[in-house]
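Let me begin by presenting the structure, written as structure tokens, before commenting on it.
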Amino acid sequence: MAIRLTGLSLDEVYAELSWAREVTEQPADEDWYAFMERISVPGRINEITEDAYCCFLNCSPPKLLGKARFCWADGDAPLRVFWTKNGRYYCRQLTRQETNHVCDVSGLPREYGMHLD
């Protein structure tokens with residue numbers, strides 16, 4: 001189901017992207033490969049552990065950083081939004097279209113993953 005993001009502020013875009021249509025819970029015995037596969041499906045909101053949240057926050061600089069949320073991407077891949085709410089941690093893989101909209105609204109260049117020498 002496509003989300004309408006046109007005409008929204010950045011805070012409104014984040015609110016729309018994090019609205020829980022369906023949340024996948026963190027399985028107790030999930031290994032890293034299964035975890036990465038689960039959180040890589042665009043459009044799905046995933047509950048994650050605090051450790052996973054901190055891992056992505058600290059492994060490389062976030063593309064966007066806010067009070068209780070950040071956007072992370074590996075190179076020029078579409079953004080993944082991470083947030084915390086009521087002591088729980090979540091993430092959502094964005095589509096390229098959603099990523100472009102977040103870039104346009106936030107001022108982040110769409111070419112955020114390019115390295116110029």
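A note on labels: chains of the structure tokens are A, B, ... as shown, every chain counts residues from 1, and ligands are counted from 1 in their shown order.
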
With a cut-off of 9 Å, could you pull out the residues of region 69-103 of chain A touching region 7-22 of chain A and give me the nearest pair of atoms for each, distance in Å to one decimal, using only C-alpha atoms, ordered by chain and ascending number, as a tab-separated table?
```
residue	atom	partner	partner_atom	distance
A:Arg69	CA	A:Tyr14	CA	8.8
A:Val81	CA	A:Tyr14	CA	8.4
A:Trp83	CA	A:Ser18	CA	8.3
A:Tyr90	CA	A:Ser18	CA	8.5
A:Cys91	CA	A:Ser18	CA	8.2
A:Arg92	CA	A:Ser18	CA	7.5
A:Leu94	CA	A:Leu17	CA	8.5
A:Glu98	CA	A:Leu17	CA	8.8
A:His101	CA	A:Val13	CA	8.7
A:Val102	CA	A:Leu10	CA	7.0
```

Write a file of the selected residues as a PDB file, in the first residue's frame, keeping C-alpha atoms.
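The result, written out as result-v4.pdb:
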```pdb
ATOM      1  CA  ARG A  69      14.944   8.713  15.320  1.00  0.00           C
ATOM      2  CA  VAL A  81      14.364   4.717   9.470  1.00  0.00           C
ATOM      3  CA  TRP A  83      13.024   5.190  16.042  1.00  0.00           C
ATOM      4  CA  TYR A  90      11.624  -0.030  15.625  1.00  0.00           C
ATOM      5  CA  CYS A  91      12.878   0.279  12.077  1.00  0.00           C
ATOM      6  CA  ARG A  92      11.396   0.452   8.597  1.00  0.00           C
ATOM      7  CA  LEU A  94      12.069   2.674   2.845  1.00  0.00           C
ATOM      8  CA  GLU A  98      10.045   7.175  -0.024  1.00  0.00           C
ATOM      9  CA  HIS A 101      10.802  12.159  -0.631  1.00  0.00           C
ATOM     10  CA  VAL A 102      12.574  12.138   2.760  1.00  0.00           C
TER      11      VAL A 102
END
```

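Of all the residues in region 2-115 of chain A, the ones DSSP labels as strand (DSSP E or B) from the backbone are Val23, Thr24, Pro42, Ile45, Asn46, Glu47, Ile48, Leu64, Leu65, Arg69, Phe70, Cys71, Trp72, Arg80, Val81, Phe82, Trp83, Thr84, Lys85, Arg88, Tyr89, Tyr90, Cys91, Arg92 and Gln93 of chain A.
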
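Every residue of region 48-97 of chain A found in alpha helix (DSSP H) when DSSP is run on the backbone appears here: Glu50, Asp51, Ala52, Tyr53, Cys54, Cys55, Phe56, Leu57, Asn58, Cys59, Arg96 and Gln97 of chain A.
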
Generate a file of the selected residues that holds N, CA and C atoms, formatted as a tab-separated table (two decimals), in the first residue's frame.
```tsv
chain	number	residue	atom	x	y	z
A	50	GLU	N	17.22	-2.96	21.55
A	50	GLU	CA	18.02	-1.75	21.80
A	50	GLU	C	19.43	-1.94	21.26
A	51	ASP	N	19.99	-3.14	21.40
A	51	ASP	CA	21.33	-3.41	20.87
A	51	ASP	C	21.40	-3.21	19.37
A	52	ALA	N	20.38	-3.70	18.64
A	52	ALA	CA	20.35	-3.52	17.19
A	52	ALA	C	20.23	-2.04	16.83
A	53	TYR	N	19.39	-1.33	17.54
A	53	TYR	CA	19.22	0.11	17.33
A	53	TYR	C	20.56	0.82	17.50
A	54	CYS	N	21.25	0.53	18.59
A	54	CYS	CA	22.54	1.16	18.87
A	54	CYS	C	23.61	0.74	17.86
A	55	CYS	N	23.55	-0.49	17.40
A	55	CYS	CA	24.50	-0.98	16.40
A	55	CYS	C	24.41	-0.13	15.14
A	56	PHE	N	23.21	0.08	14.63
A	56	PHE	CA	23.05	0.88	13.42
A	56	PHE	C	23.36	2.35	13.67
A	57	LEU	N	23.04	2.85	14.84
A	57	LEU	CA	23.33	4.24	15.17
A	57	LEU	C	24.83	4.51	15.22
A	58	ASN	N	25.59	3.51	15.68
A	58	ASN	CA	27.02	3.70	15.90
A	58	ASN	C	27.94	3.09	14.85
A	59	CYS	N	27.42	2.28	13.93
A	59	CYS	CA	28.30	1.60	12.98
A	59	CYS	C	28.84	2.54	11.91
A	96	ARG	N	12.78	3.35	-2.65
A	96	ARG	CA	13.55	4.44	-3.26
A	96	ARG	C	12.67	5.70	-3.35
A	97	GLN	N	11.41	5.55	-3.69
A	97	GLN	CA	10.51	6.70	-3.79
A	97	GLN	C	10.35	7.38	-2.43
```

Counting only C-alpha atoms, the residue among A:Cys71, A:Ala77, A:Met36, A:Ile48 that lies closest to Thr24 (chain A) is A:Ile48

If we count only C-alpha atoms and set the cut-off at 12 Å, which residues sit around Asp76 (chain A), ignoring sequence neighbours fewer than 5 positions away in its own chain? Please answer as a PDB file with N, CA and C atoms, in the first residue's frame.
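Heads up, here's the output in selection.pdb:
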```
ATOM      1  N   LYS A  63      22.504   9.135   8.140  1.00  0.00           N
ATOM      2  CA  LYS A  63      22.286  10.118   7.074  1.00  0.00           C
ATOM      3  C   LYS A  63      21.473  11.293   7.605  1.00  0.00           C
ATOM      4  N   ARG A  96      12.780   3.350  -2.649  1.00  0.00           N
ATOM      5  CA  ARG A  96      13.546   4.444  -3.258  1.00  0.00           C
ATOM      6  C   ARG A  96      12.671   5.699  -3.349  1.00  0.00           C
ATOM      7  N   THR A  99      12.466   7.207   0.053  1.00  0.00           N
ATOM      8  CA  THR A  99      13.778   7.775   0.355  1.00  0.00           C
ATOM      9  C   THR A  99      13.943   9.122  -0.334  1.00  0.00           C
ATOM     10  N   ASN A 100      13.605   9.189  -1.617  1.00  0.00           N
ATOM     11  CA  ASN A 100      13.722  10.448  -2.350  1.00  0.00           C
ATOM     12  C   ASN A 100      12.858  11.530  -1.721  1.00  0.00           C
ATOM     13  N   PRO A 109      20.823  15.465   0.286  1.00  0.00           N
ATOM     14  CA  PRO A 109      20.936  15.221  -1.156  1.00  0.00           C
ATOM     15  C   PRO A 109      20.535  13.790  -1.507  1.00  0.00           C
ATOM     16  N   ARG A 110      19.850  13.623  -2.616  1.00  0.00           N
ATOM     17  CA  ARG A 110      19.477  12.277  -3.062  1.00  0.00           C
ATOM     18  C   ARG A 110      20.713  11.429  -3.344  1.00  0.00           C
ATOM     19  N   GLU A 111      21.822  12.059  -3.613  1.00  0.00           N
ATOM     20  CA  GLU A 111      23.080  11.353  -3.895  1.00  0.00           C
ATOM     21  C   GLU A 111      23.916  11.207  -2.627  1.00  0.00           C
ATOM     22  N   TYR A 112      23.285  11.004  -1.483  1.00  0.00           N
ATOM     23  CA  TYR A 112      23.979  10.952  -0.190  1.00  0.00           C
ATOM     24  C   TYR A 112      25.050   9.880  -0.106  1.00  0.00           C
ATOM     25  N   GLY A 113      24.985   8.859  -0.937  1.00  0.00           N
ATOM     26  CA  GLY A 113      25.953   7.770  -0.860  1.00  0.00           C
ATOM     27  C   GLY A 113      27.142   7.926  -1.774  1.00  0.00           C
ATOM     28  N   MET A 114      27.156   8.982  -2.578  1.00  0.00           N
ATOM     29  CA  MET A 114      28.255   9.160  -3.530  1.00  0.00           C
ATOM     30  C   MET A 114      29.496   9.668  -2.814  1.00  0.00           C
ATOM     31  N   HIS A 115      30.622   9.130  -3.204  1.00  0.00           N
ATOM     32  CA  HIS A 115      31.906   9.580  -2.659  1.00  0.00           C
ATOM     33  C   HIS A 115      32.671  10.257  -3.781  1.00  0.00           C
TER      34      HIS A 115
END
```

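When only C-alpha atoms are used to measure the gap to Gly43 (chain A), the shortest distance among A:Asn86, A:Ser106, A:Ser60, A:Thr95 belongs to A:Thr95.
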
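Interatomic distance, CA of Tyr89 (chain A) against CA of Val105 (chain A): 24.0 Å.
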